[in-house]
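Okay, structure first, notes after.
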Amino acid sequence: MKPNPQLETFMAPYNSKIQGLAMELRDFITGLVPEANELIWDNYNAVALAYSKSEQLKDAFCHMALYTHHINFGFNRGAELTYTPIKLNGKGKLIRHISVKDLRSFPEQDIKKMIWEAVGISEKRNGELKTKQGIPKSIVMSISEKKVRPSSKT
């Protein structure tokens, strides 16, 4: 799936390292779960992308949020994961994440297993997702008027 054309504009304030890392993580997710839709928010404090077999955030299994020096790669129902060889951060009821600064330190094999478990949790919550087939889309969900973004691309 090609990214929504607006995604490049949303990521423009970030340095090339963060932009490249975001696209590599995006390729990782969409390569693993090619039927997933990409839901994009150009939020106040970050550009956020969620991946869901539907067009709804409630069905999302993982997400990422771009910040100046790192990307949070997370699981929407991370507190429910049983396979957690990686310490996930977060104190809320559901969402858990890791901070990613480069692909060298990204625990790809463990994250793959965690994504598949997260997809299973999502499908268990919404049985229609097991059989739902369609052309995946990259969809802009919202754009905040006010934004906090990196002041330079260093």
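Ordering of the structure tokens sets the chain letters (A, B, ...); residue numbers start at 1 within each chain; ligands are numbered from 1 in the order shown.
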
request  = Could you tell me, as JSON, numbers by chain, which residues of stretch 38-128 of chain A DSSP assigns to strand (DSSP E) when given the backbone?
outcome  = {"A": [38, 39, 40, 41, 42, 47, 48, 49, 50, 51, 52, 60, 61, 62, 63, 64, 65, 66, 71, 72, 73, 74, 75, 96, 97, 98, 99, 100]}

Exercise: stretch 42-58 of chain A partners within 6 Å, only C-alpha atoms, chain neighbours under 5 positions left out, as a compact mmCIF listing (two decimals) with C-alpha atoms, in the first residue's frame:
```txt
# COMPACT_ATOMS: atom_id res chain seq x y z
CA ALA A 36 -4.03 -3.64 7.40
CA ASN A 37 -5.26 -0.11 6.87
CA HIS A 63 0.74 2.15 16.19
CA MET A 64 3.64 4.53 16.06
CA ALA A 65 4.08 8.16 17.04
CA LEU A 66 6.86 10.36 15.68
CA TYR A 67 8.77 12.63 18.01
CA ILE A 143 -5.33 17.16 11.23
CA SER A 144 -4.85 19.41 14.25
CA LYS A 146 -2.12 23.79 16.24
CA LYS A 147 1.00 21.66 16.33
CA VAL A 148 4.18 21.28 18.31
```

task = Please provide as number ranges by chain all residues within 12 Å of A:Gly127, with the sequence filter that same-chain residues fewer than 5 positions apart are discarded (counting only C-alpha atoms).
result = A: 53-54, 59, 119-122, 132

request  = Run DSSP on the backbone and give me the residues of stretch 81-134 of chain A it puts in alpha helix (DSSP H), as an MDAnalysis selection string.
outcome  = chainID A and resid 108:125

inquiry  = Taking 2 positions as the minimum chain separation for residues in the same chain, which residues sit within 10 Å of A:Leu94 when counting only C-alpha atoms? Answer as a ChimeraX atom specification.
reply    = /A:75-81,90-92,96

Show me, as a Markdown table, the residues of stretch 25-94 of chain A having an atom within 9 Å of stretch 108-111 of chain A, each with the closest atom pair and its distance in Å, using only C-alpha atoms.
```
| residue | atom | partner | partner_atom | distance |
| --- | --- | --- | --- | --- |
| A:Phe28 | CA | A:Glu108 | CA | 8.7 |
| A:Tyr83 | CA | A:Asp110 | CA | 8.6 |
| A:Thr84 | CA | A:Asp110 | CA | 8.1 |
| A:Pro85 | CA | A:Asp110 | CA | 7.0 |
| A:Ile86 | CA | A:Asp110 | CA | 7.5 |
```

task = Go through A:Phe61, A:Gln19, A:Thr30, A:Glu35 and flag the residue nearest A:Trp116, using only C-alpha atoms for the distances.
result = A:Phe61

key: Residue nearest A:Arg125 - candidates A:Lys87, A:Pro107, A:Ala60, A:Phe73, atoms counted: only C-alpha atoms   =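 Of A:Lys87, A:Pro107, A:Ala60, A:Phe73, the one nearest A:Arg125, counting only C-alpha atoms, is A:Ala60.
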
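When only C-alpha atoms are used to measure the gap to A:Gly31, the shortest distance among A:Glu145, A:Phe10, A:Glu123, A:Lys112 belongs to A:Lys112.
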
message = Just to confirm, what's the straight-line distance from atom CA of A:Val140 to atom CA of A:Asp102 in Å (one decimal)?
response =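 Computing the Euclidean distance for atom CA of A:Val140 and atom CA of A:Asp102 yields 25.5 Å.
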